[in-house]
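Worksheet for the structure shown next.
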Amino acid sequence: RIAQTMTDYKLFRQGVRDFLALELSPELVRAGELTTSVFSDFEAALKWHKILHNKGWVAPEWPKEYGGTGWDINQRYIFQEECKLANAPSIVMMAIQMLGPMLMHYGTDEQKSFYLPRILSAEDIWCQGYSEPGAGSDLASLKTSAVRDGDDYVVNGTKIWTSMARHSNRIFCLVRTNKEVKPQAGISFLLIDLNSPGITVTDIVSLDGQIEQCQVFFQDVRVPVANVVGTENEGWSVAKYLLEFERGGHNFTIDIKKQLAKLRCQAQSVKARNGKSKLQDPVFRHRLAEAEIEAMALEQTELRIKGTLSSGGNPGALSSLVKCAGTELGQRFNALSVDAVGQAATPYHPDSLNPRYAGKTPAPGYALTAMAEYINNRAATIYGGTAEIQRAIIAKQILKL
């Protein structure tokens, strides 16, 4: 029986590879190769999203009743791994990875029937409105307010570091609906149409010249009361549930496997004065081996989380452990990559990261993304809750300190 199961998984993996070989155009692969953060080129990401949707594979983690694939945990892992290693572009995951599961748990029947199909089809692109200029990991101090006025809330305030807001048409937000109670008790979870009057979105240019983050301003924006998820003033519980999927729903080791393959290529391509490659340097090889061992340990923890999800549970505090370890390990691999390519990582040329750019590049192909990945991934230990916040959760909920 075990042998038959292994054969079935091999056949499934081959089926995924056949699909990727058929559907991944050179342009989409190029977009995947030039991805330097959790987001790929939006045009390529949207095209790939629709290809996956037509196949019925865009939300493998969702229950089948809501449009998922019905795959088991191993099939989902195989699919994600093959997509990453084939350089498929990353689709915009905020709604699929976080909002969708949260709506299945807390949403009304009307909210589920309206929003979930539109998430799957990419008719709606969602961004996340949590952080504010004075409220990052300390979300309890947020100030964006929603004041009840008849059948609407009137929303005023601002959200910052709002990933992909420039491409989104909807935003899920934490807003303050009661100022008279303790901070956590006066927050609600609200779904907002970004085309509503009174909303302004401004871009934030990153160090690598790309625009992924934005600031969103709300001035007397009217939002129907029916757009509250859960109940009024209980948004803190909704947000904590959603954050478990943001922190624990990502396969860091799959990303690291792709980083490792790229890193070995880079280290093999760069030659020292003695003619030997960086990969032959004993100090570099030792650092690489240490990081690989930690990646193997991380993968086992991720599989424990996937097992919990497949049995109907949620990641709990283990998601904080994975988020903390995975982001820090990813940064180590980024540093190894910059070390491997050396000065070839230093030229600044944002156009080279555009998959539609066809001109000359200031660095060899193997070095184009090294510095941008390093710079972008410095934020990984901040977004979704800082590494310090994750360690506090681990200490309290896992170690019982």
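Chain labels follow the order of the structure tokens: the first chain is A, the next B, and so on; residue numbering restarts at 1 in every chain, and ligands are counted from 1 in their shown order.
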Distance query region 292-308 of chain A at most 10 Å, only C-alpha atoms, self and fewer than 4 positions along chain excluded, as a PyMOL selection string
chain A and resi 61+72-74+76-77+248-254+256-257+260+286-288+312-319+321-323+325-326+329-330+333
Rows by chain and residue number, region 144-206 of chain A within 12 Å of region 42-53 of chain A, shortest pair, only C-alpha atoms, as a tab-separated table:
residue	atom	partner	partner_atom	distance
A:Ser163	CA	A:Phe42	CA	11.8
A:Met164	CA	A:Phe42	CA	8.7
A:Ala165	CA	A:Phe42	CA	11.4
A:Arg166	CA	A:Phe42	CA	10.3
A:His167	CA	A:Phe42	CA	7.7
A:Ser168	CA	A:Phe42	CA	10.5
Just want the 6 Å neighbourhood of region 230-243 of chain A, counted on only C-alpha atoms, with same-chain residues fewer than 6 positions away dropped. Output as a list of chain:residue names.
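Near region 230-243 of chain A, the qualifying residues are A:Met98, A:Met102, A:Tyr106, A:Gln184, A:Ala185, A:Gly186, A:Ile187, A:Ser188, A:Phe189.
The strand (DSSP E) portion of region 202-304 of chain A consists of Thr202, Asp203, Ile204, Val205, Ile211, Glu212, Gln213, Cys214, Gln215, Val216, Phe217, Phe218, Gln219, Asp220, Val221, Arg222, Val223, Pro224, Val228 and Val229 of chain A, with states taken from DSSP on the backbone.
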Let me see the file: selected residues, C-alpha atoms, as a PDB file, in the first residue's frame.
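Output contents, as saved in out-v7.pdb:
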ATOM      1  CA  THR A 202      -0.096  56.803  -2.824  1.00  0.00           C
ATOM      2  CA  ASP A 203       2.932  54.746  -3.856  1.00  0.00           C
ATOM      3  CA  ILE A 204       6.014  54.032  -1.728  1.00  0.00           C
ATOM      4  CA  VAL A 205       9.153  53.400  -3.804  1.00  0.00           C
ATOM      5  CA  ILE A 211       6.687  49.812  -6.035  1.00  0.00           C
ATOM      6  CA  GLU A 212       5.006  47.174  -3.904  1.00  0.00           C
ATOM      7  CA  GLN A 213       4.011  49.160  -0.822  1.00  0.00           C
ATOM      8  CA  CYS A 214       1.510  51.996  -0.637  1.00  0.00           C
ATOM      9  CA  GLN A 215      -0.199  54.285   1.837  1.00  0.00           C
ATOM     10  CA  VAL A 216      -4.002  54.409   1.788  1.00  0.00           C
ATOM     11  CA  PHE A 217      -5.909  57.440   3.099  1.00  0.00           C
ATOM     12  CA  PHE A 218      -9.580  57.394   4.150  1.00  0.00           C
ATOM     13  CA  GLN A 219     -11.545  60.629   4.377  1.00  0.00           C
ATOM     14  CA  ASP A 220     -15.226  60.271   5.330  1.00  0.00           C
ATOM     15  CA  VAL A 221     -15.470  56.978   3.441  1.00  0.00           C
ATOM     16  CA  ARG A 222     -18.893  55.330   3.760  1.00  0.00           C
ATOM     17  CA  VAL A 223     -18.855  51.539   4.151  1.00  0.00           C
ATOM     18  CA  PRO A 224     -21.995  49.409   4.619  1.00  0.00           C
ATOM     19  CA  VAL A 228     -18.232  43.835   9.006  1.00  0.00           C
ATOM     20  CA  VAL A 229     -16.760  40.348   9.344  1.00  0.00           C
TER      21      VAL A 229
END
Could you check how far CA of Arg332 (chain A) sits from CA of Leu279 (chain A), in Å to one decimal?
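Separation between CA of Arg332 (chain A) and CA of Leu279 (chain A): 16.2 Å.
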Counting only C-alpha atoms, the residue of A:Val16, A:Trp62, A:Ile398, A:Val92 that sits nearest His105 (chain A)
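The answer is A:Trp62, which sits nearest to His105 (chain A).
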Give me, as a list in words, all polymer residues having an atom no more than 7 Å from region 127-139 of chain A, counting only C-alpha atoms and skipping those fewer than 5 positions away in the same chain.
Met94, Thr158, Lys159, Ile160, Trp161, Thr162, Ser163, Met164, Ala165, Ser168, Arg170, Ile171, Phe172, Cys173, Leu174, Gly385 and Thr386 of chain A
Can you write out the residues you just picked, keeping C-alpha atoms, as a PDB file, in the first residue's frame?
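Written out: part.pdb:
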ATOM      1  CA  MET A  94      -3.485  38.033   0.401  1.00  0.00           C
ATOM      2  CA  THR A 158      -4.703  55.938   7.056  1.00  0.00           C
ATOM      3  CA  LYS A 159      -3.028  52.572   6.482  1.00  0.00           C
ATOM      4  CA  ILE A 160       0.627  52.193   5.460  1.00  0.00           C
ATOM      5  CA  TRP A 161       2.897  49.494   4.012  1.00  0.00           C
ATOM      6  CA  THR A 162      -0.178  48.252   2.186  1.00  0.00           C
ATOM      7  CA  SER A 163       1.218  45.685  -0.234  1.00  0.00           C
ATOM      8  CA  MET A 164      -0.114  45.813  -3.810  1.00  0.00           C
ATOM      9  CA  ALA A 165      -2.750  48.458  -3.011  1.00  0.00           C
ATOM     10  CA  SER A 168      -6.149  46.202  -5.742  1.00  0.00           C
ATOM     11  CA  ARG A 170     -10.658  46.012  -2.303  1.00  0.00           C
ATOM     12  CA  ILE A 171      -8.999  46.164   1.111  1.00  0.00           C
ATOM     13  CA  PHE A 172      -9.723  44.313   4.364  1.00  0.00           C
ATOM     14  CA  CYS A 173      -9.108  46.610   7.310  1.00  0.00           C
ATOM     15  CA  LEU A 174      -8.906  46.749  11.055  1.00  0.00           C
ATOM     16  CA  GLY A 385       4.556  40.741  13.033  1.00  0.00           C
ATOM     17  CA  THR A 386       8.183  41.437  13.880  1.00  0.00           C
TER      18      THR A 386
END
Could you pull the residues within 12 Å of Ala226 (chain A), counting only C-alpha atoms, minus those fewer than 6 positions along the same chain, as a list in words?
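Contacts, with the query itself left out: Gly107, Thr108, Asp109, Glu110, Gln111, Arg148, Gly150, Asp151, Asp152, Tyr153, Phe189, Leu190, Leu191, Ile192 and Glu232 of chain A.
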Output as a tab-separated table one row per residue of region 314-344 of chain A within 12 Å of region 17-40 of chain A: the closest atom pair and its distance in Å to one decimal place, counting only C-alpha atoms, sorted by chain and residue number ascending.
residue	atom	partner	partner_atom	distance
A:Thr327	CA	A:Val38	CA	11.5
A:Gly330	CA	A:Ser37	CA	11.0
A:Gln331	CA	A:Ser37	CA	11.5
A:Asn334	CA	A:Thr36	CA	10.4
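Here CA of Glu388 (chain A) stands at a distance of 17.3 Å from CA of Ser141 (chain A).
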Which of A:Arg391, A:Lys396, A:Lys262, A:Arg378 sits closest to Tyr366 (chain A) [using only C-alpha atoms]
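Among A:Arg391, A:Lys396, A:Lys262, A:Arg378, it is A:Lys262 that comes nearest to Tyr366 (chain A).
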Could you jot down the CA of Tyr383 (chain A) to CA of Leu142 (chain A) separation for me, Å, one decimal place?
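Rounded to one decimal, the two atoms are 15.8 Å apart.
Once Pro350 (chain A) and its same-chain neighbours fewer than 2 positions away are set aside, Asp208, Gly209, Gln210, Tyr348, Ser352, Leu353 and Asn354 of chain A remain within 8 Å of it when counting only C-alpha atoms.
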Write the residues of the preceding selection, restricted to N, CA, C and O atoms, as a PDB file, in the first residue's frame.
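Written output follows (selection_31.pdb):
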ATOM      1  N   ASP A 208      15.008  49.190  -4.060  1.00  0.00           N
ATOM      2  CA  ASP A 208      15.401  48.612  -5.344  1.00  0.00           C
ATOM      3  C   ASP A 208      14.687  49.274  -6.518  1.00  0.00           C
ATOM      4  O   ASP A 208      14.818  48.834  -7.655  1.00  0.00           O
ATOM      5  N   GLY A 209      13.918  50.335  -6.245  1.00  0.00           N
ATOM      6  CA  GLY A 209      13.237  51.065  -7.299  1.00  0.00           C
ATOM      7  C   GLY A 209      11.866  50.535  -7.649  1.00  0.00           C
ATOM      8  O   GLY A 209      11.170  51.120  -8.484  1.00  0.00           O
ATOM      9  N   GLN A 210      11.450  49.439  -7.030  1.00  0.00           N
ATOM     10  CA  GLN A 210      10.150  48.851  -7.315  1.00  0.00           C
ATOM     11  C   GLN A 210       9.075  49.455  -6.414  1.00  0.00           C
ATOM     12  O   GLN A 210       9.372  50.038  -5.364  1.00  0.00           O
ATOM     13  N   TYR A 348      23.049  49.454  -9.819  1.00  0.00           N
ATOM     14  CA  TYR A 348      21.640  49.776  -9.621  1.00  0.00           C
ATOM     15  C   TYR A 348      20.995  49.994 -10.975  1.00  0.00           C
ATOM     16  O   TYR A 348      21.318  50.951 -11.686  1.00  0.00           O
ATOM     17  N   SER A 352      16.253  46.289 -15.221  1.00  0.00           N
ATOM     18  CA  SER A 352      16.673  44.910 -15.436  1.00  0.00           C
ATOM     19  C   SER A 352      15.736  43.918 -14.766  1.00  0.00           C
ATOM     20  O   SER A 352      15.703  42.736 -15.142  1.00  0.00           O
ATOM     21  N   LEU A 353      14.966  44.379 -13.770  1.00  0.00           N
ATOM     22  CA  LEU A 353      14.060  43.500 -13.041  1.00  0.00           C
ATOM     23  C   LEU A 353      12.673  43.447 -13.668  1.00  0.00           C
ATOM     24  O   LEU A 353      11.800  42.714 -13.189  1.00  0.00           O
ATOM     25  N   ASN A 354      12.462  44.207 -14.745  1.00  0.00           N
ATOM     26  CA  ASN A 354      11.192  44.169 -15.466  1.00  0.00           C
ATOM     27  C   ASN A 354      11.248  43.036 -16.486  1.00  0.00           C
ATOM     28  O   ASN A 354      12.115  43.030 -17.359  1.00  0.00           O
TER      29      ASN A 354
END
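Distance check against Gly365 (chain A) using only C-alpha atoms: of A:Gln397, A:Gln390, A:Ser269, A:Asn227, the minimum falls on A:Ser269.
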Going by DSSP on the backbone, which residues of region 229-366 of chain A come out as helix (DSSP H, G or I)? List them as a ChimeraX atom specification.
/A:235-248,252-269,278-280,282-310,318-345,350-353,365-366
